[in-house]
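What follows is a short report on a single structure.
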Amino acid sequence: MKKKFMAMLLSMSLLGTVGGCGITTDINEATGGGKAESVETGTEGVENTDNGKTIGILMPTKSSERWINDGNDMVEELQKLGYKTDLQYAEDIVETQVSQAENLITKGVDCLVIANIDGEALTDVCQKAHDSGIPVVAYDRLIKNTEYVDYYISFDNTLVGVQIGEYIEEALNLKNANGQSYNIELFAGSPDDNNAHMLYDGAMSVLQQYIDNGSLVVVSGQTDFDTVCTLRWDGALAQSRMENILTANYSSGKKVDAVFSSYDGLSRGIVEALRSVGYGTADLPWPVITGQDAETATIKSIISGEQTQTIFKDTRELASRAVKTVDSILKGEEVEVNDTETYDNGVKVIPSYLCTPISVDINNYKEVLVDSGYIEESELN
Ligand code: GAL
């Protein structure tokens, strides 16, 4: 993926030198105090001719590898179909994303694809898009409280949670616990992200029974979503919460057996908190630590025995599905969906296409990630 990104940057800069027009890369000082990068790309050098349409793509942040891949994959595929693209990142600042959306609407893009930062902050923006005749596709994260979201492209977010729960169930052999109990701590995602709630509920549909029968003990006592959630999926917050939990509940020699973590970025913080009190040694081996996104740094961590598991959500598949959706909408063709029941955004059920997540650990990462070309083996050294 990295190679692809570098090649794209290189071709962009070459084209910029030769042709100049249609390609701008500028850093906007956006409202809300954050810097937002806007990359507008033309279709020069691409075989398909310009179809005269521009797609605005809003991604939450570049601080996570996955959103960079999602954005680049969509740009590449849309350009192959003759679209121009305007891809922007908002560094997790809600106001920045709102103003980026407003600017794209004013500019008159033909369709908006949005992976939101706060699912409840785009009601007015979606109304404005609708008033300007611009369809909106919610990407990965559901946009809530508006009639004006046309489609939702994501993974089965409940299944992600179930897969994480089942991994812990199996790793600790909870079905045959025979009176044995294991200490666990819980880390959910951002409260303003619908995915975080669905994932947590999915995981608890597997784990709650073991908490109830005492096979799993949440030593901190922190189990309700509002306590275990992590605003903006911020790894630093997860790290400090884990540090506090370790100091307050484990200093008498109790041992952490498992950490339910909803995202690789959180897991990295959790690993550091555990490392700082001596985990990762012969006396104190790493607990079972889960995650989500299968980022390169995470697979390295799995290989070195720190993190145990992650969930692979193929961003190539997601991006491709979003591009197909945009293309069908703009051509007036029927849009393929596979779920018309699950994603009620508070105003209506959004027709959705849900891709299937895959649980990955040391035993299958090669087959799932390397053989499929998602991560190159050389990146894992
Ligand atoms: C969620 C997404 C996860 C992860 C997380 C943090 O919305 O479903 O895969 O990327 O955001 O970025």
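Ligands are numbered from 1 in the order shown, chains are lettered A, B, ... in the order of the structure tokens, and residues start at 1 in each chain.
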
Near Ala101 (chain A), counting only C-alpha atoms, which residues have an atom at most 9 Å away, once you skip same-chain residues fewer than 6 positions from it, shown as a PyMOL selection string?
chain A and resi 56-58+112+114+122+125-126+129

Could the residues that lie within 10 Å of ligand 1, counting only C-alpha atoms and all ligand atoms, be listed as an MDAnalysis selection string?
chainID A and resid 60:67 92 115:119 139:142 154:157 160 189:190 192:196 198:199 232:235 262:266 291:295 311:315 357

Export of prior selection with N, CA and C atoms as a short mmCIF file (atom, residue, chain, number, x, y, z; two decimals), in the first residue's frame:
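Saved to again-v7.cif:
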```
data_model
loop_
_atom_site.label_atom_id
_atom_site.label_comp_id
_atom_site.auth_asym_id
_atom_site.auth_seq_id
_atom_site.Cartn_x
_atom_site.Cartn_y
_atom_site.Cartn_z
N PRO A 60 -11.53 11.42 8.17
CA PRO A 60 -11.38 12.04 9.49
C PRO A 60 -9.97 12.51 9.82
N THR A 61 -8.97 11.67 9.59
CA THR A 61 -7.64 12.01 10.08
C THR A 61 -6.57 11.22 9.34
N LYS A 62 -5.39 11.83 9.27
CA LYS A 62 -4.26 11.11 8.70
C LYS A 62 -3.45 10.41 9.79
N SER A 63 -3.89 10.53 11.04
CA SER A 63 -3.08 9.94 12.11
C SER A 63 -3.19 8.42 12.12
N SER A 64 -4.09 7.90 11.32
CA SER A 64 -4.21 6.45 11.24
C SER A 64 -3.99 6.02 9.79
N GLU A 65 -3.15 4.99 9.64
CA GLU A 65 -2.78 4.50 8.31
C GLU A 65 -4.00 4.14 7.46
N ARG A 66 -5.01 3.57 8.12
CA ARG A 66 -6.12 3.07 7.33
C ARG A 66 -6.82 4.16 6.53
N TRP A 67 -7.04 5.35 7.15
CA TRP A 67 -7.78 6.40 6.45
C TRP A 67 -6.98 6.95 5.27
N ASP A 92 -9.25 15.05 12.78
CA ASP A 92 -10.17 14.75 13.88
C ASP A 92 -10.82 15.97 14.52
N ALA A 115 -16.40 10.02 5.64
CA ALA A 115 -16.16 9.22 6.85
C ALA A 115 -16.13 10.26 7.97
N ASN A 116 -17.19 10.30 8.75
CA ASN A 116 -17.34 11.43 9.67
C ASN A 116 -16.48 11.30 10.92
N ILE A 117 -16.34 12.43 11.61
CA ILE A 117 -15.64 12.45 12.90
C ILE A 117 -16.68 12.33 14.02
N ASP A 118 -17.74 13.11 13.89
CA ASP A 118 -18.85 13.02 14.83
C ASP A 118 -20.11 12.75 14.02
N GLY A 119 -20.67 11.57 14.20
CA GLY A 119 -21.81 11.13 13.39
C GLY A 119 -23.04 12.01 13.52
N TYR A 139 -19.34 6.88 4.60
CA TYR A 139 -18.26 5.91 4.42
C TYR A 139 -17.80 5.39 5.77
N ASP A 140 -17.87 4.12 5.96
CA ASP A 140 -17.44 3.40 7.17
C ASP A 140 -18.24 3.76 8.42
N ARG A 141 -18.46 5.04 8.67
CA ARG A 141 -19.19 5.47 9.87
C ARG A 141 -20.54 6.06 9.46
N LEU A 142 -21.58 5.68 10.18
CA LEU A 142 -22.94 6.14 9.87
C LEU A 142 -23.09 7.63 10.18
N SER A 154 -19.99 0.15 4.62
CA SER A 154 -19.21 -0.13 5.83
C SER A 154 -18.92 -1.63 5.93
N PHE A 155 -18.42 -2.02 7.10
CA PHE A 155 -18.30 -3.43 7.44
C PHE A 155 -19.42 -3.76 8.41
N ASP A 156 -19.66 -5.03 8.60
CA ASP A 156 -20.64 -5.44 9.60
C ASP A 156 -20.03 -5.17 10.98
N ASN A 157 -20.41 -4.04 11.55
CA ASN A 157 -19.74 -3.58 12.77
C ASN A 157 -20.09 -4.42 14.00
N VAL A 160 -17.82 -7.40 13.80
CA VAL A 160 -16.46 -7.08 14.26
C VAL A 160 -16.37 -7.35 15.77
N GLY A 189 -14.51 2.19 21.62
CA GLY A 189 -14.11 3.31 20.75
C GLY A 189 -14.81 4.61 21.11
N SER A 190 -14.89 5.51 20.14
CA SER A 190 -15.37 6.86 20.40
C SER A 190 -16.89 6.92 20.55
N ASP A 192 -18.95 9.17 19.91
CA ASP A 192 -19.68 9.83 18.82
C ASP A 192 -19.60 9.05 17.51
N ASP A 193 -19.08 7.83 17.58
CA ASP A 193 -18.98 6.98 16.40
C ASP A 193 -19.91 5.78 16.60
N ASN A 194 -20.93 5.71 15.77
CA ASN A 194 -21.91 4.62 15.88
C ASN A 194 -21.23 3.24 15.86
N ASN A 195 -20.15 3.12 15.10
CA ASN A 195 -19.44 1.84 15.02
C ASN A 195 -18.99 1.35 16.39
N ALA A 196 -18.56 2.30 17.22
CA ALA A 196 -18.02 1.94 18.53
C ALA A 196 -19.09 1.26 19.38
N MET A 198 -21.85 -0.32 18.22
CA MET A 198 -22.24 -1.62 17.64
C MET A 198 -21.19 -2.67 17.95
N LEU A 199 -19.94 -2.26 17.84
CA LEU A 199 -18.83 -3.19 18.12
C LEU A 199 -18.90 -3.65 19.59
N ARG A 232 -12.62 9.94 20.32
CA ARG A 232 -11.85 10.03 19.06
C ARG A 232 -10.90 8.86 18.87
N TRP A 233 -11.15 7.76 19.52
CA TRP A 233 -10.32 6.55 19.37
C TRP A 233 -8.86 6.87 19.67
N ASP A 234 -8.63 7.73 20.65
CA ASP A 234 -7.29 8.29 20.90
C ASP A 234 -6.43 7.32 21.74
N GLY A 235 -5.35 6.86 21.14
CA GLY A 235 -4.47 5.89 21.81
C GLY A 235 -3.85 6.42 23.09
N SER A 262 -10.82 -2.22 21.12
CA SER A 262 -11.64 -2.11 19.91
C SER A 262 -10.89 -1.60 18.68
N TYR A 263 -9.63 -1.22 18.84
CA TYR A 263 -8.93 -0.60 17.69
C TYR A 263 -7.42 -0.65 17.94
N ASP A 264 -6.68 -0.90 16.88
CA ASP A 264 -5.22 -1.04 17.00
C ASP A 264 -4.56 0.16 17.66
N GLY A 265 -5.05 1.37 17.35
CA GLY A 265 -4.45 2.58 17.93
C GLY A 265 -4.57 2.56 19.46
N LEU A 266 -5.70 2.05 19.97
CA LEU A 266 -5.86 1.92 21.42
C LEU A 266 -4.93 0.84 21.95
N GLY A 291 -7.73 -6.07 18.86
CA GLY A 291 -7.66 -4.78 18.16
C GLY A 291 -8.52 -4.82 16.91
N GLN A 292 -8.33 -3.81 16.08
CA GLN A 292 -9.10 -3.70 14.84
C GLN A 292 -8.37 -2.80 13.87
N ASP A 293 -8.28 -3.20 12.64
CA ASP A 293 -7.79 -2.47 11.46
C ASP A 293 -6.60 -3.12 10.78
N ALA A 294 -5.91 -4.02 11.46
CA ALA A 294 -4.77 -4.71 10.84
C ALA A 294 -3.76 -3.74 10.23
N GLU A 295 -3.39 -2.74 10.99
CA GLU A 295 -2.39 -1.79 10.51
C GLU A 295 -1.01 -2.46 10.52
N ILE A 311 -8.60 -7.16 13.75
CA ILE A 311 -9.63 -7.45 12.75
C ILE A 311 -9.21 -6.77 11.45
N PHE A 312 -9.16 -7.57 10.40
CA PHE A 312 -8.82 -7.04 9.08
C PHE A 312 -10.10 -6.59 8.38
N LYS A 313 -10.13 -5.30 8.06
CA LYS A 313 -11.23 -4.78 7.26
C LYS A 313 -10.57 -4.25 5.99
N ASP A 314 -10.74 -4.97 4.91
CA ASP A 314 -10.00 -4.65 3.68
C ASP A 314 -10.47 -3.30 3.12
N THR A 315 -9.63 -2.29 3.32
CA THR A 315 -10.03 -0.94 2.89
C THR A 315 -10.10 -0.85 1.36
N PRO A 357 -15.70 -8.55 7.87
CA PRO A 357 -14.39 -8.47 8.53
C PRO A 357 -13.78 -9.87 8.75
#
```

Proximity to Gln239 (chain A) - best of A:Ser276, A:Asn103, A:Ser359, A:Ser301, only C-alpha atoms:
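Going through A:Ser276, A:Asn103, A:Ser359, A:Ser301 one by one, the smallest distance to Gln239 (chain A) is for A:Ser276.
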
With distances taken over only C-alpha atoms, which residue among A:Ser267, A:Ile153, A:Thr308, A:Glu317 lies nearest Asn338 (chain A)?
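The shortest atom-to-atom distance to Asn338 (chain A) comes from A:Ile153.
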
Would you list, as a PyMOL selection string, the residues of region 146-332 of chain A that end up in helix (DSSP H, G or I) under DSSP run on this structure's backbone?
chain A and resi 157-171+174-176+194-212+225-228+231-233+235-249+264-276+296-303+315-331

Counting only C-alpha atoms, what is within 7 Å of region 178-182 of chain A, bar same-chain residues fewer than 2 positions away, as a PyMOL selection string?
chain A and resi 176+184+214-217+257

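DSSP secondary structure from the backbone places Cys111, Leu112, Val113, Ile114, Val136, Val137, Ala138, Tyr139, Tyr151, Tyr152, Ile153, Ser154, Phe155, Tyr182, Asn183, Ile184, Glu185, Leu186, Phe187, Leu216, Val217, Val218, Ala258, Val259, Phe260, Ser261 and Val288 of chain A of region 109-288 of chain A in strand (DSSP E).
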
Taking 3 positions as the minimum chain separation for residues in the same chain, which residues sit within 10 Å of Val349 (chain A) when counting only C-alpha atoms? Answer as a tab-separated table (two decimals) with N, CA, C and O atoms, in the first residue's frame.
```tsv
chain	number	residue	atom	x	y	z
A	147	GLU	N	-32.20	12.88	7.04
A	147	GLU	CA	-32.83	12.11	5.97
A	147	GLU	C	-31.90	12.04	4.76
A	147	GLU	O	-32.05	11.20	3.90
A	149	VAL	N	-28.89	11.22	3.77
A	149	VAL	CA	-27.74	10.36	3.50
A	149	VAL	C	-28.31	9.31	2.55
A	149	VAL	O	-29.31	8.67	2.85
A	151	TYR	N	-26.62	6.56	0.92
A	151	TYR	CA	-26.17	5.17	1.12
A	151	TYR	C	-25.11	5.13	2.21
A	151	TYR	O	-24.44	6.13	2.49
A	152	TYR	N	-24.94	3.94	2.77
A	152	TYR	CA	-23.93	3.72	3.80
A	152	TYR	C	-23.09	2.52	3.38
A	152	TYR	O	-23.62	1.43	3.11
A	339	ASP	N	-28.00	-4.64	2.80
A	339	ASP	CA	-28.66	-4.52	4.10
A	339	ASP	C	-29.59	-3.30	4.07
A	339	ASP	O	-29.13	-2.19	3.80
A	340	THR	N	-30.85	-3.56	4.33
A	340	THR	CA	-31.80	-2.44	4.35
A	340	THR	C	-32.55	-2.40	5.68
A	340	THR	O	-33.65	-1.88	5.77
A	341	GLU	N	-31.94	-2.99	6.71
A	341	GLU	CA	-32.63	-3.06	8.01
A	341	GLU	C	-31.86	-2.54	9.19
A	341	GLU	O	-32.42	-2.02	10.14
A	342	THR	N	-30.53	-2.68	9.14
A	342	THR	CA	-29.76	-2.52	10.39
A	342	THR	C	-29.47	-1.08	10.76
A	342	THR	O	-29.48	-0.73	11.93
A	343	TYR	N	-29.16	-0.25	9.77
A	343	TYR	CA	-28.59	1.06	10.09
A	343	TYR	C	-29.62	2.18	10.08
A	343	TYR	O	-29.72	2.96	9.15
A	344	ASP	N	-30.36	2.25	11.19
A	344	ASP	CA	-31.33	3.31	11.40
A	344	ASP	C	-30.56	4.50	11.97
A	344	ASP	O	-29.96	4.40	13.03
A	345	ASN	N	-30.57	5.60	11.26
A	345	ASN	CA	-29.74	6.73	11.72
A	345	ASN	C	-30.53	7.71	12.60
A	345	ASN	O	-30.08	8.82	12.84
A	346	GLY	N	-31.70	7.28	13.04
A	346	GLY	CA	-32.51	8.15	13.90
A	346	GLY	C	-33.64	8.79	13.11
A	346	GLY	O	-34.65	9.19	13.68
A	352	SER	N	-27.64	0.01	2.97
A	352	SER	CA	-26.21	-0.16	3.24
A	352	SER	C	-25.60	-1.30	2.44
A	352	SER	O	-26.29	-2.26	2.07
```

List as a list of chain:residue names the protein and nucleic acid residues near Tyr167 (chain A), meaning an atom at most 10 Å away when only C-alpha atoms are counted, but skip any in the same chain fewer than 3 places from it.
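Counting only the stated atoms, we get A:Gly161, A:Val162, A:Gln163, A:Ile164, A:Glu170, A:Ala171, A:Leu172, A:Asn173, A:Ala203, A:Val206, A:Phe260, A:Val288, A:Ile289, A:Thr290, A:Thr308, A:Gln309, A:Thr310, A:Ser359, A:Val360, A:Asp361.
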
Return the single residue from A:Asn363, A:Gln307, A:Gln127, A:Thr106 that is closest to Arg275 (chain A), with distances computed using only C-alpha atoms.
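Of A:Asn363, A:Gln307, A:Gln127, A:Thr106, the one nearest Arg275 (chain A), counting only C-alpha atoms, is A:Gln307.
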
Please provide as a list in words all residues within 9 Å of Arg241 (chain A), with the sequence filter that same-chain residues fewer than 4 positions apart are discarded (counting only C-alpha atoms).
Val228, Ala236, Leu237, Ile245, Leu246, Ile270 and Ala273 of chain A

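The spacing separating CA of Asn72 (chain A) from CA of Ala319 (chain A) amounts to 8.8 Å.
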
Would you kindly return, as number ranges by chain, each protein, DNA or RNA residue with an atom no farther than 12 Å from any atom of Gln208 (chain A), considering only C-alpha atoms and excluding same-chain residues fewer than 3 positions away?
A: 162, 165-166, 168-169, 174, 184, 186, 200-205, 211-218, 223-224

Selection to disk with N, CA, C and O atoms, as a compact mmCIF listing (two decimals), in the first residue's frame:
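Written output follows (again21.txt):
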```
# COMPACT_ATOMS: atom_id res chain seq x y z
N VAL A 162 -18.39 -9.23 17.64
CA VAL A 162 -18.59 -10.66 17.92
C VAL A 162 -17.27 -11.40 17.69
O VAL A 162 -16.85 -12.24 18.50
N GLY A 165 -14.94 -10.72 20.53
CA GLY A 165 -15.42 -11.46 21.72
C GLY A 165 -15.12 -12.94 21.61
O GLY A 165 -14.62 -13.56 22.56
N GLU A 166 -15.38 -13.50 20.44
CA GLU A 166 -15.15 -14.95 20.26
C GLU A 166 -13.66 -15.28 20.32
O GLU A 166 -13.27 -16.36 20.76
N ILE A 168 -11.46 -13.80 22.25
CA ILE A 168 -11.11 -13.86 23.68
C ILE A 168 -11.68 -15.14 24.29
O ILE A 168 -11.01 -15.84 25.06
N GLU A 169 -12.91 -15.46 23.92
CA GLU A 169 -13.57 -16.67 24.44
C GLU A 169 -12.71 -17.91 24.16
O GLU A 169 -12.49 -18.75 25.02
N LEU A 174 -12.89 -20.11 27.48
CA LEU A 174 -13.92 -19.78 28.46
C LEU A 174 -15.09 -20.77 28.48
O LEU A 174 -15.76 -20.93 29.49
N ILE A 184 -9.78 -9.23 33.13
CA ILE A 184 -9.88 -8.55 31.82
C ILE A 184 -10.19 -7.07 32.04
O ILE A 184 -10.80 -6.70 33.05
N LEU A 186 -11.59 -3.52 29.65
CA LEU A 186 -12.37 -3.27 28.43
C LEU A 186 -12.12 -1.86 27.87
O LEU A 186 -12.17 -0.88 28.62
N TYR A 200 -19.10 -2.70 20.48
CA TYR A 200 -19.12 -3.05 21.91
C TYR A 200 -20.28 -4.00 22.21
O TYR A 200 -20.10 -5.01 22.91
N ASP A 201 -21.44 -3.69 21.65
CA ASP A 201 -22.60 -4.56 21.88
C ASP A 201 -22.33 -5.96 21.31
O ASP A 201 -22.70 -6.97 21.92
N GLY A 202 -21.71 -6.01 20.15
CA GLY A 202 -21.38 -7.30 19.53
C GLY A 202 -20.45 -8.10 20.43
O GLY A 202 -20.65 -9.30 20.68
N ALA A 203 -19.43 -7.45 20.95
CA ALA A 203 -18.46 -8.14 21.80
C ALA A 203 -19.13 -8.61 23.10
O ALA A 203 -18.91 -9.74 23.55
N MET A 204 -19.97 -7.74 23.65
CA MET A 204 -20.62 -8.11 24.92
C MET A 204 -21.65 -9.22 24.73
O MET A 204 -21.94 -9.96 25.67
N SER A 205 -22.17 -9.35 23.50
CA SER A 205 -23.11 -10.46 23.27
C SER A 205 -22.40 -11.80 23.47
O SER A 205 -23.03 -12.82 23.70
N ILE A 211 -18.73 -12.68 32.17
CA ILE A 211 -18.62 -11.71 33.27
C ILE A 211 -19.66 -12.09 34.33
O ILE A 211 -19.36 -12.13 35.52
N ASP A 212 -20.85 -12.43 33.85
CA ASP A 212 -21.93 -12.78 34.79
C ASP A 212 -21.61 -14.05 35.59
O ASP A 212 -21.92 -14.13 36.77
N ASN A 213 -20.98 -15.04 34.95
CA ASN A 213 -20.73 -16.28 35.71
C ASN A 213 -19.35 -16.31 36.40
O ASN A 213 -18.96 -17.32 36.97
N GLY A 214 -18.64 -15.18 36.31
CA GLY A 214 -17.39 -15.06 37.06
C GLY A 214 -16.16 -15.62 36.37
O GLY A 214 -15.05 -15.54 36.90
N SER A 215 -16.30 -16.14 35.14
CA SER A 215 -15.11 -16.63 34.44
C SER A 215 -14.24 -15.46 34.00
O SER A 215 -13.02 -15.58 33.88
N LEU A 216 -14.90 -14.32 33.73
CA LEU A 216 -14.14 -13.09 33.43
C LEU A 216 -14.39 -12.10 34.56
O LEU A 216 -15.54 -11.87 34.94
N VAL A 217 -13.30 -11.54 35.08
CA VAL A 217 -13.44 -10.54 36.14
C VAL A 217 -12.88 -9.21 35.64
O VAL A 217 -11.70 -9.13 35.29
N VAL A 218 -13.74 -8.21 35.56
CA VAL A 218 -13.24 -6.88 35.20
C VAL A 218 -12.80 -6.23 36.51
O VAL A 218 -13.61 -5.69 37.26
N THR A 223 -17.26 -1.27 33.29
CA THR A 223 -17.87 -2.08 32.22
C THR A 223 -18.86 -1.32 31.35
O THR A 223 -19.12 -1.74 30.23
N ASP A 224 -19.46 -0.25 31.85
CA ASP A 224 -20.48 0.38 31.00
C ASP A 224 -19.82 1.23 29.92
O ASP A 224 -18.73 1.79 30.11
```
